[in-house]
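Asks: The file below is my_file-v9.cif, mmCIF, C-alpha atoms:
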data_model
#
loop_
_atom_site.label_atom_id
_atom_site.label_comp_id
_atom_site.auth_asym_id
_atom_site.auth_seq_id
_atom_site.Cartn_x
_atom_site.Cartn_y
_atom_site.Cartn_z
CA MET U 1 30.57 17.90 53.53
CA LYS U 2 33.27 16.64 51.20
CA GLU U 3 34.27 18.23 47.90
CA TYR U 4 34.19 16.17 44.70
CA LEU U 5 34.54 16.73 41.00
CA LEU U 6 31.36 15.71 39.28
CA SER U 7 33.43 13.16 37.33
CA ASP U 8 34.04 11.39 40.67
CA VAL U 9 30.31 10.97 41.13
CA ILE U 10 28.70 10.31 37.73
CA ASN U 11 29.35 8.73 34.35
CA ILE U 12 28.02 10.70 31.37
CA PHE U 13 26.74 9.10 28.16
CA ASN U 14 25.67 10.61 24.83
CA GLY U 15 22.12 10.57 23.55
CA ARG U 16 21.53 9.05 20.11
CA ASP U 17 19.50 9.49 16.96
CA TYR U 18 16.05 7.87 17.11
CA SER U 19 14.78 8.46 13.55
CA HIS U 20 14.94 4.73 12.74
CA LEU U 21 12.52 3.90 15.56
CA GLU U 22 8.74 3.71 15.51
CA GLN U 23 6.21 5.11 17.95
CA GLY U 24 6.08 3.07 21.12
CA ILE U 25 5.88 3.09 24.91
CA TYR U 26 9.32 4.36 25.94
CA PRO U 27 9.75 8.09 26.69
CA LEU U 28 12.04 10.10 24.44
CA TYR U 29 13.74 13.10 26.08
CA GLY U 30 15.45 16.15 24.62
CA SER U 31 16.81 19.27 26.28
CA GLY U 32 13.29 20.74 26.23
CA GLY U 33 11.80 17.78 28.08
CA LEU U 34 9.62 14.86 27.03
CA MET U 35 9.35 14.75 23.23
CA SER U 36 7.48 11.56 22.37
CA TYR U 37 7.27 7.82 23.00
CA ILE U 38 9.24 5.36 20.87
CA SER U 39 9.74 1.62 20.40
CA SER U 40 13.14 1.17 22.08
CA TYR U 41 15.27 2.51 24.95
CA LEU U 42 18.90 3.42 25.66
CA TYR U 43 18.91 2.80 29.39
CA ASP U 44 16.76 1.23 32.08
CA GLY U 45 16.95 2.60 35.60
CA GLU U 46 17.84 5.66 37.64
CA ALA U 47 19.61 8.40 35.72
CA ILE U 48 20.10 12.14 35.54
CA LEU U 49 19.42 13.87 32.22
CA LEU U 50 21.86 16.70 31.49
CA PRO U 51 21.25 19.10 28.59
CA ARG U 52 23.99 19.26 25.95
CA LYS U 53 22.38 22.01 23.86
CA GLY U 54 19.43 24.32 24.35
CA THR U 55 17.82 24.77 27.75
CA LEU U 56 20.79 24.21 30.05
CA ASN U 57 18.83 24.43 33.30
CA ASN U 58 16.41 21.65 32.36
CA ILE U 59 18.08 18.90 34.40
CA MET U 60 15.78 15.91 34.96
CA TYR U 61 15.60 12.74 37.04
CA VAL U 62 14.26 9.51 35.53
CA ASN U 63 13.83 6.00 36.86
CA GLU U 64 12.50 3.95 33.95
CA LYS U 65 13.38 2.73 30.48
CA PHE U 66 14.09 5.80 28.31
CA TRP U 67 15.91 7.24 25.28
CA THR U 68 17.66 10.61 24.97
CA VAL U 69 18.36 12.49 21.74
CA ASP U 70 21.78 13.93 20.96
CA THR U 71 20.96 17.26 22.62
CA MET U 72 20.64 15.53 25.99
CA TYR U 73 23.25 13.51 27.89
CA TYR U 74 22.20 10.90 30.40
CA ALA U 75 24.32 10.17 33.47
CA THR U 76 24.44 7.26 35.88
CA VAL U 77 25.53 7.84 39.46
CA LYS U 78 28.18 5.69 41.11
CA PRO U 79 26.93 3.29 43.82
CA GLU U 80 28.35 5.23 46.78
CA PHE U 81 26.15 8.25 46.02
CA SER U 82 22.39 8.85 45.93
CA THR U 83 21.14 9.46 42.39
CA TYR U 84 18.21 11.56 43.52
CA TYR U 85 20.34 13.66 45.86
CA VAL U 86 22.89 14.38 43.11
CA TYR U 87 20.05 15.29 40.74
CA ALA U 88 18.54 17.70 43.29
CA TYR U 89 21.95 19.24 43.93
CA LEU U 90 22.62 19.83 40.24
CA ALA U 91 19.10 21.09 39.56
CA GLN U 92 19.64 24.08 41.84
CA LEU U 93 22.89 25.17 40.17
CA ASP U 94 23.08 28.01 37.67
CA LEU U 95 25.03 26.51 34.77
CA ALA U 96 24.77 29.48 32.39
CA HIS U 97 28.36 30.55 33.07
CA LEU U 98 29.59 27.17 31.77
CA ASP U 99 28.05 27.72 28.32
CA SER U 100 30.65 26.87 25.68
CA GLY U 101 29.83 30.06 23.77
CA SER U 102 28.26 28.71 20.59
CA ALA U 103 25.20 30.30 18.95
CA LEU U 104 23.00 27.77 20.77
CA PRO U 105 23.71 27.41 24.52
CA SER U 106 25.69 24.21 24.97
CA MET U 107 27.59 22.15 27.52
CA THR U 108 30.43 19.69 27.03
CA LYS U 109 31.13 16.57 29.04
CA THR U 110 34.33 18.21 30.23
CA ALA U 111 32.43 21.23 31.54
CA TYR U 112 30.08 18.97 33.49
CA ASN U 113 32.85 16.73 34.78
CA ASN U 114 34.86 19.66 36.14
CA ILE U 115 32.02 21.03 38.27
CA LYS U 116 32.98 20.97 41.93
CA ILE U 117 30.26 19.80 44.32
CA ASN U 118 30.07 19.36 48.08
CA LEU U 119 28.25 16.26 49.29
CA PRO U 120 27.46 14.89 52.74
CA ASP U 121 27.87 11.22 53.67
CA PHE U 122 25.75 8.63 51.89
CA LYS U 123 23.28 8.17 54.75
CA THR U 124 22.54 11.90 54.86
CA GLN U 125 22.14 11.96 51.08
CA GLN U 126 19.56 9.17 51.32
CA SER U 127 17.61 10.93 54.11
CA ILE U 128 17.42 14.21 52.21
CA ALA U 129 16.58 12.46 48.94
CA ALA U 130 13.69 10.65 50.67
CA VAL U 131 12.13 13.97 51.72
CA LEU U 132 12.57 15.68 48.35
CA SER U 133 11.51 12.67 46.29
CA ALA U 134 8.36 12.24 48.38
CA LEU U 135 7.34 15.79 47.49
CA ASP U 136 8.18 15.27 43.82
CA LYS U 137 6.26 11.98 43.73
CA LYS U 138 3.16 13.65 45.13
CA ILE U 139 3.48 16.47 42.58
CA ALA U 140 3.85 13.90 39.78
CA LEU U 141 0.87 11.92 41.09
CA ASN U 142 -1.32 15.03 41.10
CA LYS U 143 -0.29 15.72 37.51
CA GLN U 144 -1.24 12.17 36.51
CA ILE U 145 -4.61 12.50 38.25
CA ASN U 146 -5.23 15.81 36.48
CA ALA U 147 -4.40 14.26 33.11
CA ARG U 148 -7.04 11.59 33.82
CA LEU U 149 -9.59 14.18 34.97
CA GLU U 150 -8.93 16.22 31.82
CA GLN U 151 -9.38 13.14 29.65
CA MET U 152 -12.60 12.18 31.44
CA ALA U 153 -14.05 15.64 30.77
CA LYS U 154 -13.00 15.50 27.10
CA THR U 155 -14.52 12.04 26.70
CA LEU U 156 -17.76 13.19 28.30
CA TYR U 157 -17.88 16.19 25.95
CA ASP U 158 -17.32 13.92 22.96
CA TYR U 159 -20.11 11.52 23.95
CA TRP U 160 -22.61 14.27 24.68
CA PHE U 161 -21.89 16.98 22.10
CA VAL U 162 -20.17 15.21 19.20
CA GLN U 163 -21.79 11.77 19.18
CA PHE U 164 -25.00 13.15 20.75
CA ASP U 165 -25.24 10.26 23.18
CA PHE U 166 -26.10 12.36 26.21
CA PRO U 167 -28.54 10.63 28.60
CA ASP U 168 -32.16 10.90 27.48
CA ALA U 169 -35.11 11.14 29.90
CA ASP U 170 -34.72 7.43 30.70
CA GLY U 171 -30.95 7.62 31.12
CA ARG U 172 -30.22 5.95 27.78
CA PRO U 173 -27.73 7.32 25.18
CA TYR U 174 -29.86 9.74 23.13
CA LYS U 175 -28.86 9.14 19.50
CA SER U 176 -27.95 5.46 19.86
CA SER U 177 -31.35 4.82 21.44
CA GLY U 178 -33.25 6.46 18.60
CA GLY U 179 -33.56 9.99 19.96
CA GLU U 180 -35.19 12.37 17.48
CA MET U 181 -32.76 14.21 15.21
CA VAL U 182 -33.62 17.15 12.94
CA PHE U 183 -31.81 18.41 9.85
CA ASP U 184 -30.15 21.82 10.21
CA GLU U 185 -29.95 23.79 6.97
CA THR U 186 -27.00 25.93 8.13
CA LEU U 187 -24.68 23.05 8.96
CA LYS U 188 -26.27 20.62 6.50
CA ARG U 189 -26.39 17.90 9.13
CA GLU U 190 -28.67 16.44 11.75
CA ILE U 191 -28.69 17.71 15.33
CA PRO U 192 -30.79 16.66 18.35
CA LYS U 193 -34.31 18.05 18.47
CA GLY U 194 -34.50 21.18 20.62
CA TRP U 195 -30.85 22.13 20.05
CA GLU U 196 -29.78 25.17 18.03
CA VAL U 197 -26.93 26.33 15.84
CA LYS U 198 -25.54 29.61 17.19
CA LYS U 199 -22.64 31.96 16.66
CA ILE U 200 -19.91 31.64 19.28
CA GLU U 201 -19.49 35.43 19.32
CA ASN U 202 -23.09 35.87 20.52
CA ILE U 203 -22.26 34.04 23.74
CA LEU U 204 -18.48 34.21 24.18
CA THR U 205 -15.96 37.02 23.86
CA ILE U 206 -12.23 36.84 24.37
CA GLY U 207 -10.74 39.76 26.27
CA SER U 208 -7.11 40.56 25.44
CA GLY U 209 -4.68 41.38 28.23
CA PHE U 210 -3.08 44.67 29.27
CA PRO U 211 0.12 46.05 27.63
CA PHE U 212 2.31 46.35 30.72
CA ASN U 213 5.48 48.43 30.65
CA SER U 214 8.47 46.30 31.59
CA LYS U 215 10.06 49.22 33.47
CA ASP U 216 7.34 48.79 36.11
CA TYR U 217 8.31 45.17 36.81
CA THR U 218 9.73 44.16 40.18
CA ASP U 219 11.20 40.87 41.38
CA ARG U 220 8.82 40.55 44.32
CA GLY U 221 5.71 42.43 43.25
CA LYS U 222 2.34 41.79 44.89
CA TYR U 223 0.89 40.68 41.55
CA GLN U 224 2.30 38.19 39.03
CA ILE U 225 1.88 38.96 35.34
CA VAL U 226 0.61 36.08 33.18
CA THR U 227 2.29 36.16 29.76
CA ILE U 228 2.13 33.92 26.74
CA LYS U 229 4.95 31.67 28.02
CA ASN U 230 2.90 30.79 31.10
CA VAL U 231 -0.08 29.44 29.15
CA GLN U 232 0.45 25.75 28.46
CA ASP U 233 -1.97 23.11 27.20
CA THR U 234 -4.45 22.56 30.08
CA TYR U 235 -2.30 24.12 32.82
CA LEU U 236 -0.78 27.43 33.88
CA ASP U 237 3.01 27.33 34.37
CA LEU U 238 4.05 30.15 36.69
CA THR U 239 7.60 28.95 37.26
CA LYS U 240 8.93 32.22 35.81
CA THR U 241 6.92 35.43 36.01
CA ASP U 242 7.46 39.15 36.35
CA GLY U 243 5.85 41.06 39.21
CA ILE U 244 4.24 44.42 39.70
CA ASP U 245 3.27 46.25 42.89
CA GLU U 246 0.16 48.13 41.78
CA ILE U 247 -2.68 47.55 39.33
CA PRO U 248 -2.56 50.13 36.48
CA ASN U 249 -5.42 52.64 36.66
CA ASN U 250 -6.51 52.11 33.05
CA MET U 251 -6.50 48.31 33.12
CA LYS U 252 -9.85 46.62 32.47
CA GLU U 253 -11.36 44.71 35.35
CA PHE U 254 -11.37 41.35 33.55
CA CYS U 255 -7.54 41.47 33.47
CA ILE U 256 -7.56 40.91 37.25
CA LEU U 257 -7.73 37.14 37.15
CA LYS U 258 -9.67 34.85 39.46
CA LYS U 259 -9.45 31.14 40.18
CA GLY U 260 -11.37 29.18 37.57
CA ASP U 261 -10.94 31.73 34.77
CA VAL U 262 -10.08 30.23 31.36
CA LEU U 263 -7.17 31.64 29.35
CA ILE U 264 -6.22 31.14 25.69
CA SER U 265 -2.89 31.88 23.99
CA LEU U 266 -3.09 34.37 21.11
CA THR U 267 0.56 34.37 19.96
CA GLY U 268 3.12 31.68 19.11
CA ASN U 269 1.59 28.34 20.03
CA ILE U 270 -1.87 29.78 19.59
CA GLY U 271 -5.02 28.10 20.88
CA ARG U 272 -3.64 26.71 24.13
CA VAL U 273 -6.28 26.87 26.86
CA CYS U 274 -5.88 26.52 30.61
CA PHE U 275 -7.45 27.38 33.95
CA VAL U 276 -6.28 30.03 36.39
CA ASP U 277 -5.52 28.28 39.68
CA ARG U 278 -4.50 31.06 42.07
CA ASP U 279 -5.04 34.67 43.03
CA ASN U 280 -3.07 37.91 42.49
CA LEU U 281 -2.53 37.31 38.79
CA LEU U 282 -2.84 39.96 36.07
CA LEU U 283 -3.37 39.31 32.36
CA ASN U 284 -0.74 40.49 29.90
CA GLN U 285 -1.32 41.28 26.23
CA ARG U 286 -1.41 38.43 23.69
CA VAL U 287 -3.13 36.24 26.25
CA GLY U 288 -6.91 36.14 26.10
CA LYS U 289 -9.53 35.44 28.74
CA MET U 290 -12.82 33.71 27.91
CA ILE U 291 -15.72 35.91 28.99
CA CYS U 292 -19.18 34.34 29.06
CA SER U 293 -21.92 33.10 31.37
CA ASN U 294 -20.63 30.50 33.84
CA LYS U 295 -22.97 27.89 32.41
CA TYR U 296 -21.03 27.99 29.11
CA LEU U 297 -17.49 28.36 30.45
CA HIS U 298 -16.51 24.70 30.77
CA PHE U 299 -18.38 23.87 27.55
CA PHE U 300 -16.26 26.38 25.61
CA TYR U 301 -13.09 25.32 27.43
CA LEU U 302 -13.60 21.80 26.08
CA LEU U 303 -14.79 23.00 22.68
CA PHE U 304 -11.61 25.05 22.15
CA ASN U 305 -9.55 22.10 23.39
CA ARG U 306 -10.66 19.93 20.50
CA ASN U 307 -8.23 19.33 17.63
CA GLU U 308 -10.74 20.71 15.13
CA SER U 309 -10.87 24.00 17.03
CA LYS U 310 -7.09 24.23 17.30
CA GLU U 311 -6.73 23.64 13.56
CA ARG U 312 -9.31 26.36 12.84
CA LEU U 313 -7.49 28.85 15.05
CA GLU U 314 -4.12 28.03 13.49
CA LYS U 315 -5.54 28.79 10.04
CA LEU U 316 -6.88 32.11 11.31
CA ALA U 317 -3.56 33.10 12.82
CA ASN U 318 -1.27 35.29 10.78
CA GLY U 319 2.15 36.90 11.06
CA SER U 320 5.43 36.31 9.28
CA SER U 321 7.71 35.42 12.18
CA GLN U 322 5.11 34.50 14.80
CA SER U 323 1.48 33.44 14.53
CA ASN U 324 -1.00 35.93 15.96
CA LEU U 325 -4.65 35.22 16.61
CA SER U 326 -7.29 37.95 16.67
CA PRO U 327 -9.59 37.49 19.70
CA ILE U 328 -12.43 38.81 17.55
CA GLU U 329 -11.83 36.33 14.71
CA ALA U 330 -11.38 33.47 17.18
CA VAL U 331 -15.08 33.53 18.09
CA LYS U 332 -16.44 33.97 14.55
CA ASP U 333 -17.67 30.42 14.12
CA LEU U 334 -20.84 28.40 14.59
CA PHE U 335 -21.44 25.77 17.23
CA ILE U 336 -24.23 23.37 18.12
CA CYS U 337 -25.78 24.72 21.29
CA PRO U 338 -27.39 22.09 23.54
CA SER U 339 -30.64 22.60 25.39
CA ASN U 340 -30.42 24.23 28.84
CA ILE U 341 -31.43 20.98 30.54
CA VAL U 342 -28.64 19.00 28.89
CA LEU U 343 -26.11 21.76 29.57
CA GLU U 344 -27.08 21.85 33.26
CA LYS U 345 -26.65 18.08 33.56
CA PHE U 346 -23.29 18.28 31.80
CA ASN U 347 -22.06 21.04 34.10
CA ALA U 348 -23.11 19.05 37.16
CA LYS U 349 -20.65 16.36 36.08
CA VAL U 350 -17.69 18.30 34.70
CA ASP U 351 -17.76 20.99 37.39
CA LEU U 352 -16.78 18.32 39.93
CA LEU U 353 -13.92 17.12 37.70
CA PHE U 354 -12.53 20.61 37.16
CA LYS U 355 -12.94 21.54 40.84
CA LYS U 356 -10.73 18.57 41.77
CA LEU U 357 -8.28 19.47 38.98
CA LEU U 358 -7.90 23.03 40.30
CA LEU U 359 -7.41 21.80 43.88
CA ASN U 360 -4.62 19.49 42.67
CA GLN U 361 -2.95 22.34 40.77
CA GLN U 362 -3.10 24.54 43.87
CA GLN U 363 -1.68 21.76 46.01
CA ASN U 364 1.18 21.29 43.54
CA TYR U 365 1.92 25.00 43.74
CA HIS U 366 2.27 24.82 47.52
CA LEU U 367 4.25 21.56 47.40
CA THR U 368 6.63 23.10 44.86
CA GLN U 369 7.08 26.15 47.06
CA LEU U 370 7.83 23.89 50.04
CA ARG U 371 10.31 21.80 48.05
CA ASP U 372 12.11 24.85 46.65
CA PHE U 373 12.24 26.38 50.14
CA LEU U 374 13.71 23.24 51.70
CA LEU U 375 16.08 22.30 48.88
CA PRO U 376 18.90 24.85 49.39
CA MET U 377 18.73 24.61 53.17
CA LEU U 378 18.94 20.81 53.10
CA MET U 379 21.80 20.97 50.63
CA ASN U 380 23.93 23.42 52.61
CA GLY U 381 23.18 21.88 56.00
CA GLN U 382 21.05 24.71 57.42
CA VAL U 383 18.39 22.15 58.29
CA SER U 384 18.67 18.41 58.70
CA VAL U 385 16.35 15.44 58.47
CA ALA U 386 15.45 13.79 61.77
CA GLU U 387 15.86 10.04 62.17
#
Output the file's structure as structure tokens, nothing else.
Replies:
Amino acid sequence: MKEYLLSDVINIFNGRDYSHLEQGIYPLYGSGGLMSYISSYLYDGEAILLPRKGTLNNIMYVNEKFWTVDTMYYATVKPEFSTYYVYAYLAQLDLAHLDSGSALPSMTKTAYNNIKINLPDFKTQQSIAAVLSALDKKIALNKQINARLEQMAKTLYDYWFVQFDFPDADGRPYKSSGGEMVFDETLKREIPKGWEVKKIENILTIGSGFPFNSKDYTDRGKYQIVTIKNVQDTYLDLTKTDGIDEIPNNMKEFCILKKGDVLISLTGNIGRVCFVDRDNLLLNQRVGKMICSNKYLHFFYLLFNRNESKERLEKLANGSSQSNLSPIEAVKDLFICPSNIVLEKFNAKVDLLFKKLLLNQQQNYHLTQLRDFLLPMLMNGQVSVAE
């Protein structure tokens, strides 16, 4: 190992304003991560993104054409060092103590440049980077596959339950092929013959989580507590959780989560829905769990994922400083309920998609654990990469 100042290894550049640009194909990054896609780029190639303000630990690696806003620096690595290795090294550092002390956490170029780092020779950097990047590439690939699977399920839902072009008895699209439609007086619109308009609350309830006491939390508890920050759009992010050793006696059984359960956020960014993808998770308050017959679970998951549903829930939410959604009010709406035969056929298709999605999420969890286990040991020389 040889000690360097970070200024010996990288060159840091400022992000820039993008307001003059249109929507496009190039990713736009801020300190919180990917923000949007725009019509131009600042840099093309390998780079490390270093937060200037905001989330200081959100260091990222990119290898494409991209743009960064003024809250995010981008850095190029000098030719005698491995960009991916330097990124992995920096990503494991705790930079909070370098905060410049403003109201919003911030880092200066000088603070970054004065960081002392210990690096092995270039060949060793490349070997370690190859191992870590292979894991990260597989994780990224699984995420891309899941995004496609999610989109396939949404498209299928739209064809079958919005456009009413589910396969008829001859396998043809029902409405487009002249399938019989009947006028529903409640909705004042036509729906397929044999379908009904029902209240969501008659089939689905949303159970709210348990109010845990933070004094019971432990760093390495047997159970992880799922809070509002863990519920993201279509996936569960358990990067940061609190633990607890024992299940509270007065906690309802549905708060003990199982793989395949569907959760919905009730506070803040309300209306986010995602699947549970592992065991030993407990549900915290302000996160809801969808409770219904299994034959309706994926149907309602996709129904609540629609923009129309999210807009309805946002209007229902109230609260001065933070939006709050009542789990009772969330299900007070009507929906067009398909026939049992159509619902069974739909489930036969989407169940396979969501089964694969959950397997990919579980694999990413284990790959992330493996990467995070190897990372510090590779960096400090406890283990080495064979030829």
Asks: Quick one: residues within 12 Å of U:Gly243, all atoms listed in the file counted, chain neighbours fewer than 2 positions away excluded, as a ChimeraX atom specification?
Replies: /U:212-227,238,240-241,245-247,280-284
Asks: When you count all atoms listed in the file, which of these residues is closest to U:Glu201: U:Ala330, U:Leu119, U:Cys337, U:Leu343?
Replies: U:Ala330
Asks: List the residues matched by the PyMOL selection byres ((chain U and resi 67) around 7) in the displayed structure as a PyMOL selection string, ordered by chain and then by residue number.
Replies: chain U and resi 27-29+41-43+66+68-69
Asks: Could you write out that same residue set with C-alpha atoms as a compact mmCIF listing (two decimals), in the coordinates of the input?
Replies:
# COMPACT_ATOMS: atom_id res chain seq x y z
CA PRO U 27 9.75 8.09 26.69
CA LEU U 28 12.04 10.10 24.44
CA TYR U 29 13.74 13.10 26.08
CA TYR U 41 15.27 2.51 24.95
CA LEU U 42 18.90 3.42 25.66
CA TYR U 43 18.91 2.80 29.39
CA PHE U 66 14.09 5.80 28.31
CA THR U 68 17.66 10.61 24.97
CA VAL U 69 18.36 12.49 21.74
Asks: Find, counting all atoms listed in the file, the residue in U:Ser19, U:Thr186, U:Lys116, U:Lys109 that gets nearest to U:Tyr4.
Replies: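 The answer is U:Lys116, which sits nearest to U:Tyr4.
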Asks: When the PyMOL selection byres ((chain U and resi 232) around 12) is applied to the file above, which residues end up in the set, as a PyMOL selection string?
Replies: chain U and resi 226-231+233-239+262-266+268-276+287+305
Asks: Contacts of U:Asp277 at 9 Å or less, counting all atoms listed in the file, minus same-chain residues fewer than 5 places along, as a ChimeraX atom specification?
Replies: /U:235-236,258-261,358-359,361-362
Asks: Report as a list in words the residues that result from applying the PyMOL selection byres ((chain U and resi 7) around 12) to the structure here.
Replies: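 With the shown file as input, the PyMOL selection byres ((chain U and resi 7) around 12) matches Glu3, Tyr4, Leu5, Leu6, Asp8, Val9, Ile10, Asn11, Ile12, Ala75, Thr76, Val77, Lys78, Lys109, Thr110, Ala111, Tyr112, Asn113, Asn114, Ile115, Lys116 and Ile117 of chain U.
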Asks: Select from stretch 255-374 of chain U every residue with an atom at most 6 Å from any atom of stretch 135-146 of chain U, then for each give the shortest pair of atoms and their distance in Å to one decimal, using only C-alpha atoms, rows by chain and rising number, as JSON lines.
Replies:
{"residue": "U:Leu357", "atom": "CA", "partner": "U:Asn146", "partner_atom": "CA", "distance": 5.4}
{"residue": "U:Asn360", "atom": "CA", "partner": "U:Asn142", "partner_atom": "CA", "distance": 5.8}
{"residue": "U:Asn364", "atom": "CA", "partner": "U:Ile139", "partner_atom": "CA", "distance": 5.4}
Asks: If we count all atoms listed in the file, what is near U:Glu329 at a cut-off of 12 Å, once residues fewer than 6 positions away on the same chain are taken out, given as a list of chain:residue names?
Replies: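 In the requested format, the answer is U:Lys199, U:Ile200, U:Glu201, U:Leu204, U:Thr205, U:Ile206, U:Leu266, U:Arg312, U:Leu313, U:Glu314, U:Lys315, U:Leu316, U:Ala317, U:Asn318.
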Asks: So which residues touch U:Glu190 within 12 Å, counting all atoms listed in the file, skipping near sequence neighbours fewer than 3 positions away, as an NGL selection string?
Replies: :U and (162-164 or 175 or 179-187 or 193-197 or 336)
Asks: Between U:Ala169, U:Ile48, U:Leu374, U:Leu93, which has the minimum distance to U:Lys345 (counting all atoms listed in the file)?
Replies: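 For U:Lys345, the nearest of the given residues is U:Ala169.
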Asks: Take atom CA of U:Phe346 and atom CA of U:Lys310 and report the distance between them in Å, one decimal.
Replies: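 The value is 22.5 Å.
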Asks: How big is the axis-aligned box around all listed atoms of stretch 98-117 of chain U once 5 Å goes on each side, and where's its centre, in Å to one decimal, as lines of an AutoDock Vina configuration file?
Replies:
center_x = 28.9
center_y = 23.4
center_z = 31.6
size_x = 21.9
size_y = 23.7
size_z = 35.4
Asks: Check the smallest atom-to-atom distance from each of U:Arg16, U:His298, U:Lys2, U:Lys252 to U:Glu150 using all atoms listed in the file, then report the winner.
Replies: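 Distance minimum relative to U:Glu150 lands on U:His298.
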Asks: May I ask which of the residues U:Leu34, U:Met72, U:Val131, U:Leu49 is the closest one to U:Ala386, counting only C-alpha atoms?
Replies: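 Smallest separation from U:Ala386 among the options: U:Val131.
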Asks: Fewer than 3 positions away in the same chain doesn't count, so skip those; otherwise give me all residues within 12 Å of U:Glu253, counting all atoms listed in the file, as a PyMOL selection string.
Replies: chain U and resi 207-210+247-250+256-258+282-283+289+291
